[in-house]
Amino acid sequence: MNVGLMVTAFGDDDLADVAVRAENSGYDAVWVGELWGASAVVQATELACRTDEIRIGTAILNVYSRSPAVLAMTAASLEDASDGRFTLGLGTSTATAIEGLHGTAFDRPVRRAHETIELIREFTAGNGEPVDYEGELLEAANFPSIETSVPVYHAGLGSANRRVVGRLADGWIPHNIPFSTLDEAFEEVADAARERDREPGEITIAPYVPSAVSDDRSEARDTLCRHIAYYVGSGEGYRRAVATKFPGEADRIAEAWRSGDKR
């Protein structure tokens with residue numbers, strides 16, 4: 001089992017300092033999130049330049065604010081900057097972020113994820129053949145593919161989105177899915193993989209344990225409460241994922257959030 005760390009600021013240390021400490025402490029990977037305030041791509045580039053062996057990933061870049069071509073170029077560039085240590089983690093994000101922040105319609109998120117990953121695969125095939133793609137939402141015409149072997153992970157939560165993982169992705173980032181339900185949830189990934197003649201065991205499962213480090217237990221708990229409340233309150237997919245194990249709590253969080261009682 002590999003152990004990764006989602007890097008955030010610790011005291012006066014910046015993310016690159018944390019990544020260096022993680023590498024020196026024996027972690028296998030560091031992951032950078034992105035919502036608002038900083039670009040995960042720029043941060044991942046700095047991490048690549050400051051470290052030597054630890055893997056670097058994005059968890060996650062959404063599939064709306066950057067085109068598949070930009071995501072493919074980003075992956076290839078970070079793969080080069082990191083000497084082959086980069087993983088492209090993608091996801092749909094939430095309507096709150098996509099519509100409220102990026103000003104883009106949160107239209108058919110599962111299909112958007114499917115076509116984005118499929119098109120990135122074609123753009124990075126490195127076979128010299130022109131990419132001609134016509135999907136239901138996305139298209140590209142007569143551009144040669146670039147060569148990179150970057151793994152693509154997808155943070156598919158709902159049933160349909162998990163099937164996207166099984167059909168196309170190298171790994172699955174089950175964000176906020178209760179650990180006790182992971183095996184059952186992965187079966188949908190596995191079924192979709194088998195339908196494409198893929199081996200489910202070759203799909204990496206990369207869940208994470210939300211953690212907060214503080215000498216004050218209450219402060220740490222409050223930090224995690226805010227983290228969980230944002231996702232469960234602002235994203236229906238996250239609410240449904242948490243509700244598989246904690247239905248009453250998830251519904252109360254979502255109701256309070258919608259009524260404006262975010263505290």
# chains A, B, ... in the order shown; residues from 1 in each chain; ligands from 1
>>> residues_around(residues="Glu249 (chain A)", least_positions_apart="5", cutoff="10 Å", atoms="only C-alpha atoms", output="ChimeraX atom specification")
/A:232,239,242-243,254-255
>>> residues_around(residues="region 59-65 of chain A", least_positions_apart="3", cutoff="8 Å", atoms="only C-alpha atoms", output="list in words")
Trp31, Val32, Gly33, Glu34, Ala40, Pro68, Leu88, Gly89, Leu90, Gly91, Thr92, Ser93, Ile98, His102, Thr104, Arg112, Ala113, Thr116, Ala155 and Ile173 of chain A
>>> write_last_selection(atoms="N, CA and C atoms", output="CSV table (one decimal), in the first residue's frame")
chain,number,residue,atom,x,y,z
A,31,TRP,N,-0.3,15.3,-3.0
A,31,TRP,CA,-1.4,15.6,-3.9
A,31,TRP,C,-1.8,17.1,-3.6
A,32,VAL,N,-2.2,17.8,-4.6
A,32,VAL,CA,-2.6,19.2,-4.5
A,32,VAL,C,-4.0,19.4,-4.9
A,33,GLY,N,-4.8,20.0,-4.0
A,33,GLY,CA,-6.2,20.3,-4.3
A,33,GLY,C,-6.3,21.6,-5.0
A,34,GLU,N,-7.5,21.9,-5.6
A,34,GLU,CA,-7.8,23.2,-6.2
A,34,GLU,C,-9.3,23.5,-6.1
A,40,ALA,N,-3.5,24.8,-8.7
A,40,ALA,CA,-2.9,23.6,-8.4
A,40,ALA,C,-1.8,23.2,-9.4
A,68,PRO,N,-10.0,19.8,-22.5
A,68,PRO,CA,-9.2,18.6,-22.6
A,68,PRO,C,-7.8,18.8,-23.1
A,88,LEU,N,-2.5,12.8,-13.1
A,88,LEU,CA,-3.5,13.8,-13.4
A,88,LEU,C,-4.8,13.3,-12.7
A,89,GLY,N,-5.2,14.0,-11.6
A,89,GLY,CA,-6.4,13.7,-11.0
A,89,GLY,C,-7.5,14.6,-11.4
A,90,LEU,N,-8.6,14.1,-11.9
A,90,LEU,CA,-9.7,14.9,-12.4
A,90,LEU,C,-11.0,14.6,-11.7
A,91,GLY,N,-12.0,15.5,-11.8
A,91,GLY,CA,-13.3,15.3,-11.3
A,91,GLY,C,-14.3,16.4,-11.8
A,92,THR,N,-15.5,16.2,-11.5
A,92,THR,CA,-16.5,17.2,-12.0
A,92,THR,C,-16.7,18.4,-11.1
A,93,SER,N,-16.2,18.3,-9.9
A,93,SER,CA,-16.5,19.4,-8.9
A,93,SER,C,-18.0,19.5,-8.6
A,98,ILE,N,-18.6,25.3,-10.2
A,98,ILE,CA,-18.6,25.5,-11.6
A,98,ILE,C,-19.4,26.7,-12.1
A,102,HIS,N,-16.9,29.7,-11.8
A,102,HIS,CA,-16.3,29.7,-13.2
A,102,HIS,C,-17.4,30.2,-14.2
A,104,THR,N,-19.8,28.8,-15.6
A,104,THR,CA,-20.1,27.8,-16.7
A,104,THR,C,-21.2,26.9,-16.2
A,112,ARG,N,-19.5,14.9,-19.4
A,112,ARG,CA,-18.4,15.8,-19.5
A,112,ARG,C,-17.1,15.1,-19.0
A,113,ALA,N,-17.2,14.4,-17.9
A,113,ALA,CA,-16.0,13.7,-17.4
A,113,ALA,C,-15.6,12.6,-18.4
A,116,THR,N,-14.1,14.2,-21.5
A,116,THR,CA,-12.8,14.8,-21.2
A,116,THR,C,-11.7,13.8,-21.1
A,155,ALA,N,-12.3,11.3,-9.8
A,155,ALA,CA,-13.0,11.3,-8.5
A,155,ALA,C,-14.5,11.0,-8.8
A,173,ILE,N,-10.4,8.2,-7.2
A,173,ILE,CA,-10.3,9.0,-6.0
A,173,ILE,C,-11.7,9.1,-5.4
>>> atom_distance(atom1="CA of Thr74 (chain A)", atom2="CA of Tyr231 (chain A)")
26.3 Å
>>> atom_distance(atom1="CA of Ile203 (chain A)", atom2="CA of Asn161 (chain A)")
14.7 Å
>>> closest_residue(among="A:Ile228, A:Gly135, A:Val7, A:Ile120", to="Ala22 (chain A)", atoms="only C-alpha atoms")
A:Val7
>>> atom_distance(atom1="CA of Ser39 (chain A)", atom2="CA of Val150 (chain A)")
19.4 Å
>>> residues_around(residues="Val152 (chain A)", least_positions_apart="4", cutoff="10 Å", atoms="only C-alpha atoms", output="PyMOL selection string")
chain A and resi 57-58+75+86-90+117+120-121+165+168-172
>>> select_by_dssp(residues="region 39-240 of chain A", states="helix (DSSP H, G or I)", output="short mmCIF file (atom, residue, chain, number, x, y, z; two decimals) with N, CA, C and O atoms, in the first residue's frame")
data_model
loop_
_atom_site.label_atom_id
_atom_site.label_comp_id
_atom_site.auth_asym_id
_atom_site.auth_seq_id
_atom_site.Cartn_x
_atom_site.Cartn_y
_atom_site.Cartn_z
N ALA A 40 -3.54 24.82 -8.70
CA ALA A 40 -2.90 23.55 -8.39
C ALA A 40 -1.79 23.23 -9.39
O ALA A 40 -0.81 22.56 -9.05
N VAL A 41 -1.94 23.69 -10.62
CA VAL A 41 -0.93 23.43 -11.63
C VAL A 41 0.38 24.13 -11.29
O VAL A 41 1.47 23.54 -11.36
N VAL A 42 0.29 25.39 -10.90
CA VAL A 42 1.49 26.13 -10.50
C VAL A 42 2.11 25.52 -9.25
O VAL A 42 3.33 25.34 -9.16
N GLN A 43 1.25 25.17 -8.29
CA GLN A 43 1.76 24.56 -7.06
C GLN A 43 2.42 23.21 -7.34
O GLN A 43 3.49 22.91 -6.79
N ALA A 44 1.82 22.40 -8.20
CA ALA A 44 2.41 21.10 -8.53
C ALA A 44 3.74 21.27 -9.24
O ALA A 44 4.67 20.47 -9.05
N THR A 45 3.86 22.32 -10.05
CA THR A 45 5.13 22.58 -10.73
C THR A 45 6.22 22.91 -9.72
O THR A 45 7.35 22.41 -9.82
N GLU A 46 5.89 23.73 -8.73
CA GLU A 46 6.88 24.04 -7.69
C GLU A 46 7.27 22.79 -6.92
O GLU A 46 8.45 22.56 -6.63
N LEU A 47 6.30 21.95 -6.61
CA LEU A 47 6.59 20.71 -5.90
C LEU A 47 7.52 19.82 -6.73
O LEU A 47 8.45 19.20 -6.20
N ALA A 48 7.29 19.78 -8.04
CA ALA A 48 8.13 18.96 -8.91
C ALA A 48 9.57 19.46 -8.92
O ALA A 48 10.52 18.66 -8.98
N CYS A 49 9.72 20.78 -8.84
CA CYS A 49 11.06 21.36 -8.88
C CYS A 49 11.79 21.26 -7.54
O CYS A 49 13.02 21.32 -7.50
N ARG A 50 11.05 21.10 -6.46
CA ARG A 50 11.66 21.07 -5.12
C ARG A 50 11.88 19.66 -4.58
O ARG A 50 12.51 19.48 -3.55
N PRO A 68 -9.99 19.84 -22.51
CA PRO A 68 -9.20 18.62 -22.56
C PRO A 68 -7.81 18.83 -23.14
O PRO A 68 -6.84 18.22 -22.70
N ALA A 69 -7.69 19.72 -24.13
CA ALA A 69 -6.38 20.00 -24.72
C ALA A 69 -5.45 20.65 -23.71
O ALA A 69 -4.27 20.29 -23.60
N VAL A 70 -5.97 21.60 -22.95
CA VAL A 70 -5.15 22.25 -21.93
C VAL A 70 -4.77 21.25 -20.84
O VAL A 70 -3.62 21.23 -20.37
N LEU A 71 -5.69 20.40 -20.45
CA LEU A 71 -5.38 19.37 -19.45
C LEU A 71 -4.32 18.41 -19.96
O LEU A 71 -3.43 18.00 -19.22
N ALA A 72 -4.40 18.03 -21.23
CA ALA A 72 -3.41 17.13 -21.81
C ALA A 72 -2.04 17.79 -21.85
O ALA A 72 -1.02 17.17 -21.50
N MET A 73 -1.97 19.05 -22.26
CA MET A 73 -0.69 19.77 -22.29
C MET A 73 -0.14 19.94 -20.88
O MET A 73 1.08 19.82 -20.65
N THR A 74 -1.03 20.22 -19.93
CA THR A 74 -0.61 20.37 -18.54
C THR A 74 -0.01 19.07 -18.02
O THR A 74 1.05 19.07 -17.38
N ALA A 75 -0.68 17.97 -18.31
CA ALA A 75 -0.19 16.67 -17.85
C ALA A 75 1.18 16.37 -18.45
O ALA A 75 2.10 15.91 -17.75
N ALA A 76 1.32 16.61 -19.74
CA ALA A 76 2.60 16.33 -20.41
C ALA A 76 3.71 17.21 -19.85
O ALA A 76 4.84 16.75 -19.63
N SER A 77 3.40 18.47 -19.60
CA SER A 77 4.41 19.39 -19.08
C SER A 77 4.83 19.03 -17.66
O SER A 77 6.02 19.06 -17.31
N LEU A 78 3.85 18.67 -16.82
CA LEU A 78 4.18 18.29 -15.45
C LEU A 78 4.87 16.94 -15.39
O LEU A 78 5.71 16.70 -14.52
N GLU A 79 4.54 16.06 -16.32
CA GLU A 79 5.25 14.78 -16.41
C GLU A 79 6.73 15.03 -16.72
O GLU A 79 7.61 14.39 -16.16
N ASP A 80 6.98 15.99 -17.59
CA ASP A 80 8.36 16.33 -17.94
C ASP A 80 9.06 17.02 -16.77
O ASP A 80 10.20 16.68 -16.43
N ALA A 81 8.38 17.97 -16.14
CA ALA A 81 8.99 18.72 -15.04
C ALA A 81 9.31 17.83 -13.84
O ALA A 81 10.26 18.11 -13.09
N ALA A 95 -21.79 22.00 -8.71
CA ALA A 95 -22.48 23.10 -9.39
C ALA A 95 -22.15 24.43 -8.71
O ALA A 95 -22.03 25.47 -9.38
N THR A 96 -21.99 24.41 -7.40
CA THR A 96 -21.66 25.64 -6.67
C THR A 96 -20.38 26.25 -7.20
O THR A 96 -20.30 27.46 -7.44
N ALA A 97 -19.35 25.42 -7.40
CA ALA A 97 -18.07 25.93 -7.87
C ALA A 97 -18.08 26.24 -9.36
O ALA A 97 -17.60 27.29 -9.80
N ILE A 98 -18.64 25.33 -10.15
CA ILE A 98 -18.58 25.50 -11.61
C ILE A 98 -19.44 26.66 -12.07
O ILE A 98 -19.02 27.47 -12.90
N GLU A 99 -20.65 26.78 -11.52
CA GLU A 99 -21.53 27.86 -11.95
C GLU A 99 -21.24 29.16 -11.19
O GLU A 99 -21.19 30.24 -11.79
N GLY A 100 -21.04 29.06 -9.88
CA GLY A 100 -20.84 30.26 -9.08
C GLY A 100 -19.49 30.89 -9.25
O GLY A 100 -19.35 32.12 -9.21
N PRO A 109 -22.56 16.47 -16.05
CA PRO A 109 -21.21 16.29 -15.51
C PRO A 109 -20.59 14.92 -15.79
O PRO A 109 -19.39 14.83 -16.05
N VAL A 110 -21.39 13.86 -15.74
CA VAL A 110 -20.83 12.53 -15.99
C VAL A 110 -20.36 12.42 -17.44
O VAL A 110 -19.25 11.91 -17.71
N ARG A 111 -21.19 12.88 -18.37
CA ARG A 111 -20.79 12.84 -19.78
C ARG A 111 -19.58 13.73 -20.02
O ARG A 111 -18.68 13.39 -20.80
N ARG A 112 -19.54 14.87 -19.36
CA ARG A 112 -18.40 15.78 -19.50
C ARG A 112 -17.12 15.10 -19.03
O ARG A 112 -16.08 15.20 -19.68
N ALA A 113 -17.19 14.40 -17.89
CA ALA A 113 -16.02 13.69 -17.38
C ALA A 113 -15.58 12.60 -18.36
O ALA A 113 -14.40 12.46 -18.67
N HIS A 114 -16.56 11.83 -18.85
CA HIS A 114 -16.25 10.74 -19.79
C HIS A 114 -15.53 11.27 -21.02
O HIS A 114 -14.47 10.76 -21.41
N GLU A 115 -16.10 12.28 -21.65
CA GLU A 115 -15.51 12.78 -22.90
C GLU A 115 -14.18 13.47 -22.67
O GLU A 115 -13.27 13.39 -23.50
N THR A 116 -14.06 14.15 -21.54
CA THR A 116 -12.78 14.81 -21.22
C THR A 116 -11.66 13.79 -21.08
O THR A 116 -10.58 13.93 -21.67
N ILE A 117 -11.90 12.74 -20.30
CA ILE A 117 -10.87 11.72 -20.11
C ILE A 117 -10.58 10.99 -21.41
O ILE A 117 -9.43 10.73 -21.77
N GLU A 118 -11.64 10.67 -22.16
CA GLU A 118 -11.46 9.97 -23.43
C GLU A 118 -10.63 10.81 -24.40
O GLU A 118 -9.72 10.29 -25.08
N LEU A 119 -10.90 12.11 -24.43
CA LEU A 119 -10.18 12.99 -25.35
C LEU A 119 -8.74 13.21 -24.88
O LEU A 119 -7.81 13.25 -25.71
N ILE A 120 -8.52 13.31 -23.58
CA ILE A 120 -7.15 13.41 -23.06
C ILE A 120 -6.36 12.17 -23.46
O ILE A 120 -5.19 12.26 -23.85
N ARG A 121 -6.99 11.01 -23.36
CA ARG A 121 -6.33 9.77 -23.77
C ARG A 121 -5.88 9.85 -25.24
O ARG A 121 -4.78 9.45 -25.59
N GLU A 122 -6.75 10.37 -26.09
CA GLU A 122 -6.40 10.47 -27.50
C GLU A 122 -5.32 11.52 -27.73
O GLU A 122 -4.39 11.32 -28.52
N PHE A 123 -5.42 12.65 -27.02
CA PHE A 123 -4.43 13.71 -27.18
C PHE A 123 -3.04 13.26 -26.73
O PHE A 123 -2.03 13.79 -27.20
N SER A 159 -22.94 6.48 -9.06
CA SER A 159 -22.85 5.24 -9.80
C SER A 159 -22.38 5.45 -11.23
O SER A 159 -21.47 4.76 -11.71
N ALA A 160 -22.98 6.38 -11.94
CA ALA A 160 -22.61 6.60 -13.34
C ALA A 160 -21.18 7.11 -13.46
O ALA A 160 -20.44 6.73 -14.37
N ASN A 161 -20.77 7.95 -12.53
CA ASN A 161 -19.42 8.50 -12.57
C ASN A 161 -18.39 7.44 -12.21
O ASN A 161 -17.26 7.45 -12.71
N ARG A 162 -18.76 6.51 -11.34
CA ARG A 162 -17.83 5.41 -11.03
C ARG A 162 -17.63 4.52 -12.25
O ARG A 162 -16.56 3.95 -12.45
N ARG A 163 -18.65 4.43 -13.08
CA ARG A 163 -18.51 3.63 -14.30
C ARG A 163 -17.54 4.30 -15.28
O ARG A 163 -16.87 3.61 -16.06
N VAL A 164 -17.46 5.61 -15.23
CA VAL A 164 -16.45 6.31 -16.04
C VAL A 164 -15.05 5.88 -15.62
O VAL A 164 -14.17 5.64 -16.46
N VAL A 165 -14.85 5.75 -14.32
CA VAL A 165 -13.55 5.26 -13.81
C VAL A 165 -13.25 3.90 -14.41
O VAL A 165 -12.15 3.65 -14.93
N GLY A 166 -14.21 2.99 -14.31
CA GLY A 166 -13.99 1.64 -14.80
C GLY A 166 -13.71 1.57 -16.29
O GLY A 166 -12.91 0.76 -16.75
N ARG A 167 -14.37 2.43 -17.06
CA ARG A 167 -14.19 2.40 -18.51
C ARG A 167 -12.87 3.00 -18.95
O ARG A 167 -12.25 2.52 -19.90
N LEU A 168 -12.42 4.07 -18.26
CA LEU A 168 -11.36 4.89 -18.84
C LEU A 168 -10.17 5.20 -17.95
O LEU A 168 -9.08 5.49 -18.46
N PHE A 179 -15.41 4.72 4.33
CA PHE A 179 -14.55 3.58 4.06
C PHE A 179 -15.31 2.26 4.10
O PHE A 179 -14.99 1.33 3.36
N SER A 180 -16.30 2.17 4.97
CA SER A 180 -17.03 0.90 5.11
C SER A 180 -17.85 0.56 3.88
O SER A 180 -18.30 -0.57 3.72
N THR A 181 -18.05 1.52 2.97
CA THR A 181 -18.82 1.27 1.76
C THR A 181 -17.95 1.21 0.51
O THR A 181 -18.47 1.07 -0.60
N LEU A 182 -16.62 1.29 0.67
CA LEU A 182 -15.73 1.35 -0.49
C LEU A 182 -15.80 0.09 -1.34
O LEU A 182 -15.84 0.17 -2.58
N ASP A 183 -15.78 -1.07 -0.71
CA ASP A 183 -15.79 -2.31 -1.48
C ASP A 183 -17.03 -2.41 -2.36
O ASP A 183 -16.96 -2.77 -3.54
N GLU A 184 -18.17 -2.10 -1.77
CA GLU A 184 -19.43 -2.15 -2.53
C GLU A 184 -19.42 -1.13 -3.66
O GLU A 184 -19.85 -1.43 -4.78
N ALA A 185 -18.93 0.07 -3.37
CA ALA A 185 -18.91 1.11 -4.40
C ALA A 185 -17.96 0.74 -5.54
O ALA A 185 -18.23 1.03 -6.71
N PHE A 186 -16.86 0.08 -5.20
CA PHE A 186 -15.88 -0.28 -6.24
C PHE A 186 -16.43 -1.33 -7.19
O PHE A 186 -15.94 -1.44 -8.33
N GLU A 187 -17.42 -2.10 -6.77
CA GLU A 187 -17.96 -3.13 -7.65
C GLU A 187 -18.50 -2.54 -8.94
O GLU A 187 -18.43 -3.16 -10.01
N GLU A 188 -19.06 -1.32 -8.86
CA GLU A 188 -19.54 -0.68 -10.08
C GLU A 188 -18.38 -0.28 -10.98
O GLU A 188 -18.48 -0.35 -12.21
N VAL A 189 -17.28 0.14 -10.37
CA VAL A 189 -16.06 0.42 -11.14
C VAL A 189 -15.61 -0.86 -11.83
O VAL A 189 -15.30 -0.88 -13.03
N ALA A 190 -15.56 -1.95 -11.05
CA ALA A 190 -15.07 -3.22 -11.57
C ALA A 190 -15.95 -3.75 -12.70
O ALA A 190 -15.45 -4.25 -13.72
N ASP A 191 -17.26 -3.64 -12.55
CA ASP A 191 -18.18 -4.12 -13.59
C ASP A 191 -17.96 -3.36 -14.90
O ASP A 191 -17.93 -3.96 -15.99
N ALA A 192 -17.82 -2.04 -14.79
CA ALA A 192 -17.61 -1.23 -16.00
C ALA A 192 -16.27 -1.56 -16.65
O ALA A 192 -16.15 -1.56 -17.88
N ALA A 193 -15.27 -1.85 -15.83
CA ALA A 193 -13.96 -2.22 -16.37
C ALA A 193 -14.04 -3.52 -17.15
O ALA A 193 -13.51 -3.64 -18.26
N ARG A 194 -14.72 -4.50 -16.58
CA ARG A 194 -14.83 -5.80 -17.25
C ARG A 194 -15.57 -5.68 -18.58
O ARG A 194 -15.25 -6.37 -19.55
N GLU A 195 -16.55 -4.80 -18.63
CA GLU A 195 -17.29 -4.59 -19.88
C GLU A 195 -16.38 -4.06 -20.99
O GLU A 195 -16.66 -4.24 -22.18
N PRO A 200 -9.99 -5.04 -13.44
CA PRO A 200 -10.30 -4.13 -12.32
C PRO A 200 -9.15 -3.99 -11.34
O PRO A 200 -8.94 -2.91 -10.76
N GLY A 201 -8.38 -5.06 -11.13
CA GLY A 201 -7.28 -4.99 -10.18
C GLY A 201 -6.17 -4.04 -10.56
O GLY A 201 -5.33 -3.68 -9.73
N GLU A 202 -6.16 -3.62 -11.83
CA GLU A 202 -5.14 -2.68 -12.28
C GLU A 202 -5.56 -1.23 -12.08
O GLU A 202 -4.79 -0.31 -12.38
N ARG A 217 -7.49 19.77 20.27
CA ARG A 217 -8.36 18.79 19.63
C ARG A 217 -9.63 19.44 19.07
O ARG A 217 -10.10 19.08 17.98
N SER A 218 -10.21 20.39 19.79
CA SER A 218 -11.42 21.05 19.32
C SER A 218 -11.17 21.82 18.04
O SER A 218 -12.00 21.83 17.12
N GLU A 219 -10.02 22.48 17.96
CA GLU A 219 -9.68 23.22 16.76
C GLU A 219 -9.54 22.28 15.56
O GLU A 219 -10.03 22.56 14.46
N ALA A 220 -8.89 21.14 15.78
CA ALA A 220 -8.73 20.16 14.71
C ALA A 220 -10.08 19.62 14.26
O ALA A 220 -10.35 19.48 13.06
N ARG A 221 -10.93 19.31 15.23
CA ARG A 221 -12.27 18.79 14.90
C ARG A 221 -13.08 19.82 14.12
O ARG A 221 -13.74 19.49 13.13
N ASP A 222 -13.02 21.07 14.54
CA ASP A 222 -13.77 22.12 13.84
C ASP A 222 -13.28 22.29 12.41
O ASP A 222 -14.07 22.54 11.49
N THR A 223 -11.98 22.15 12.22
CA THR A 223 -11.42 22.26 10.87
C THR A 223 -11.99 21.18 9.96
O THR A 223 -12.38 21.43 8.81
N LEU A 224 -12.08 19.95 10.48
CA LEU A 224 -12.63 18.85 9.68
C LEU A 224 -14.13 19.01 9.49
O LEU A 224 -14.66 18.65 8.43
N CYS A 225 -14.81 19.52 10.49
CA CYS A 225 -16.26 19.76 10.35
C CYS A 225 -16.53 20.73 9.21
O CYS A 225 -17.44 20.53 8.41
N ARG A 226 -15.74 21.80 9.12
CA ARG A 226 -15.92 22.77 8.04
C ARG A 226 -15.66 22.12 6.69
O ARG A 226 -16.36 22.39 5.71
N HIS A 227 -14.63 21.28 6.64
CA HIS A 227 -14.28 20.59 5.40
C HIS A 227 -15.45 19.70 4.93
O HIS A 227 -15.88 19.78 3.77
N ILE A 228 -15.96 18.88 5.82
CA ILE A 228 -17.04 17.96 5.46
C ILE A 228 -18.32 18.72 5.16
O ILE A 228 -19.04 18.41 4.20
N ALA A 229 -18.61 19.75 5.97
CA ALA A 229 -19.85 20.51 5.77
C ALA A 229 -19.89 21.19 4.42
O ALA A 229 -20.94 21.24 3.76
N TYR A 230 -18.74 21.72 3.97
CA TYR A 230 -18.73 22.38 2.67
C TYR A 230 -19.13 21.41 1.57
O TYR A 230 -20.00 21.70 0.74
N TYR A 231 -18.51 20.24 1.55
CA TYR A 231 -18.77 19.29 0.48
C TYR A 231 -20.18 18.72 0.56
O TYR A 231 -20.91 18.66 -0.45
N VAL A 232 -20.59 18.29 1.76
CA VAL A 232 -21.91 17.69 1.89
C VAL A 232 -23.00 18.73 1.66
O VAL A 232 -24.06 18.43 1.10
N GLY A 233 -22.73 19.98 2.08
CA GLY A 233 -23.73 21.03 1.93
C GLY A 233 -23.85 21.59 0.53
O GLY A 233 -24.94 21.95 0.08
N SER A 234 -22.72 21.66 -0.18
CA SER A 234 -22.74 22.35 -1.46
C SER A 234 -22.82 21.43 -2.67
O SER A 234 -23.06 21.89 -3.78
N GLU A 236 -24.51 17.87 -4.22
CA GLU A 236 -25.48 16.78 -4.05
C GLU A 236 -24.81 15.42 -4.14
O GLU A 236 -25.17 14.47 -3.41
N GLY A 237 -23.82 15.30 -5.02
CA GLY A 237 -23.12 14.03 -5.14
C GLY A 237 -22.38 13.66 -3.86
O GLY A 237 -22.38 12.49 -3.44
N TYR A 238 -21.79 14.64 -3.21
CA TYR A 238 -21.10 14.40 -1.95
C TYR A 238 -22.10 14.03 -0.86
O TYR A 238 -21.84 13.15 -0.04
N ARG A 239 -23.26 14.70 -0.85
CA ARG A 239 -24.27 14.37 0.15
C ARG A 239 -24.71 12.92 0.00
O ARG A 239 -24.81 12.19 0.99
N ARG A 240 -24.96 12.50 -1.25
CA ARG A 240 -25.41 11.13 -1.47
C ARG A 240 -24.33 10.13 -1.05
O ARG A 240 -24.64 9.06 -0.51
#
>>> closest_residue(among="A:Asn127, A:Thr51, A:Asn2, A:Ser67", to="Asp17 (chain A)", atoms="only C-alpha atoms")
A:Thr51
>>> select_by_dssp(residues="region 46-263 of chain A", states="strand (DSSP E or B)", output="ChimeraX atom specification")
/A:55-58,61-62,86-91,125,130-134,139-144,147,152-154,171-172,204-205
>>> write_last_selection(atoms="N, CA and C atoms", output="compact mmCIF listing (two decimals), in the first residue's frame")
# COMPACT_ATOMS: atom_id res chain seq x y z
N ARG A 55 5.97 11.04 -5.74
CA ARG A 55 5.02 11.29 -6.82
C ARG A 55 4.17 12.51 -6.49
N ILE A 56 3.67 13.17 -7.53
CA ILE A 56 2.91 14.41 -7.39
C ILE A 56 1.61 14.26 -8.18
N GLY A 57 0.50 14.63 -7.55
CA GLY A 57 -0.78 14.50 -8.23
C GLY A 57 -1.69 15.67 -7.95
N THR A 58 -2.70 15.84 -8.79
CA THR A 58 -3.75 16.83 -8.56
C THR A 58 -5.00 16.11 -8.11
N LEU A 61 -8.36 18.52 -10.44
CA LEU A 61 -8.65 19.57 -11.42
C LEU A 61 -10.03 19.25 -12.01
N ASN A 62 -10.89 20.26 -12.07
CA ASN A 62 -12.24 19.99 -12.59
C ASN A 62 -12.22 19.94 -14.11
N PHE A 86 4.23 12.42 -12.22
CA PHE A 86 2.97 13.14 -12.11
C PHE A 86 1.76 12.24 -12.38
N THR A 87 0.68 12.48 -11.62
CA THR A 87 -0.62 11.84 -11.85
C THR A 87 -1.68 12.93 -12.02
N LEU A 88 -2.45 12.83 -13.09
CA LEU A 88 -3.51 13.80 -13.36
C LEU A 88 -4.80 13.33 -12.71
N GLY A 89 -5.19 13.98 -11.62
CA GLY A 89 -6.44 13.67 -10.95
C GLY A 89 -7.52 14.64 -11.37
N LEU A 90 -8.64 14.11 -11.89
CA LEU A 90 -9.73 14.92 -12.42
C LEU A 90 -11.02 14.63 -11.69
N GLY A 91 -11.97 15.55 -11.82
CA GLY A 91 -13.30 15.34 -11.26
C GLY A 91 -14.25 16.39 -11.79
N ALA A 125 -1.85 10.03 -26.76
CA ALA A 125 -1.52 8.68 -27.25
C ALA A 125 -0.11 8.59 -27.81
N PRO A 130 -3.42 12.04 -36.23
CA PRO A 130 -4.24 13.21 -35.89
C PRO A 130 -5.44 12.80 -35.04
N VAL A 131 -5.79 13.65 -34.10
CA VAL A 131 -6.93 13.39 -33.23
C VAL A 131 -8.17 14.00 -33.86
N ASP A 132 -9.11 13.16 -34.20
CA ASP A 132 -10.41 13.60 -34.68
C ASP A 132 -11.45 13.01 -33.74
N TYR A 133 -12.12 13.86 -33.02
CA TYR A 133 -13.04 13.38 -31.98
C TYR A 133 -14.32 14.19 -32.06
N GLU A 134 -15.42 13.49 -32.05
CA GLU A 134 -16.72 14.17 -32.03
C GLU A 134 -17.60 13.47 -31.01
N GLU A 139 -15.42 18.18 -28.97
CA GLU A 139 -14.89 17.72 -30.24
C GLU A 139 -13.51 18.31 -30.47
N ALA A 140 -12.75 17.66 -31.33
CA ALA A 140 -11.43 18.14 -31.74
C ALA A 140 -11.19 17.63 -33.16
N ALA A 141 -10.41 18.40 -33.94
CA ALA A 141 -10.22 18.03 -35.33
C ALA A 141 -8.78 18.22 -35.77
N ASN A 142 -8.19 17.12 -36.22
CA ASN A 142 -6.93 17.13 -36.96
C ASN A 142 -5.76 17.77 -36.21
N PHE A 143 -5.60 17.42 -34.94
CA PHE A 143 -4.41 17.84 -34.21
C PHE A 143 -3.63 16.60 -33.81
N PRO A 144 -2.31 16.58 -34.05
CA PRO A 144 -1.53 15.38 -33.72
C PRO A 144 -1.45 15.18 -32.22
N GLU A 147 3.05 12.81 -26.77
CA GLU A 147 3.41 11.55 -26.13
C GLU A 147 3.68 11.76 -24.65
N VAL A 152 -4.17 8.79 -15.36
CA VAL A 152 -5.34 9.65 -15.17
C VAL A 152 -6.25 9.01 -14.15
N TYR A 153 -6.50 9.72 -13.05
CA TYR A 153 -7.42 9.27 -12.01
C TYR A 153 -8.68 10.13 -12.09
N HIS A 154 -9.79 9.54 -11.66
CA HIS A 154 -11.06 10.27 -11.68
C HIS A 154 -11.76 10.14 -10.33
N GLY A 171 -7.04 5.23 -12.17
CA GLY A 171 -7.25 5.21 -10.74
C GLY A 171 -8.54 5.90 -10.35
N TRP A 172 -8.95 5.64 -9.12
CA TRP A 172 -10.21 6.17 -8.58
C TRP A 172 -9.92 6.93 -7.30
N THR A 204 -6.12 1.70 -9.65
CA THR A 204 -5.68 2.07 -8.31
C THR A 204 -6.81 2.76 -7.56
N ILE A 205 -7.03 2.37 -6.31
CA ILE A 205 -8.00 3.04 -5.45
C ILE A 205 -7.23 3.97 -4.53
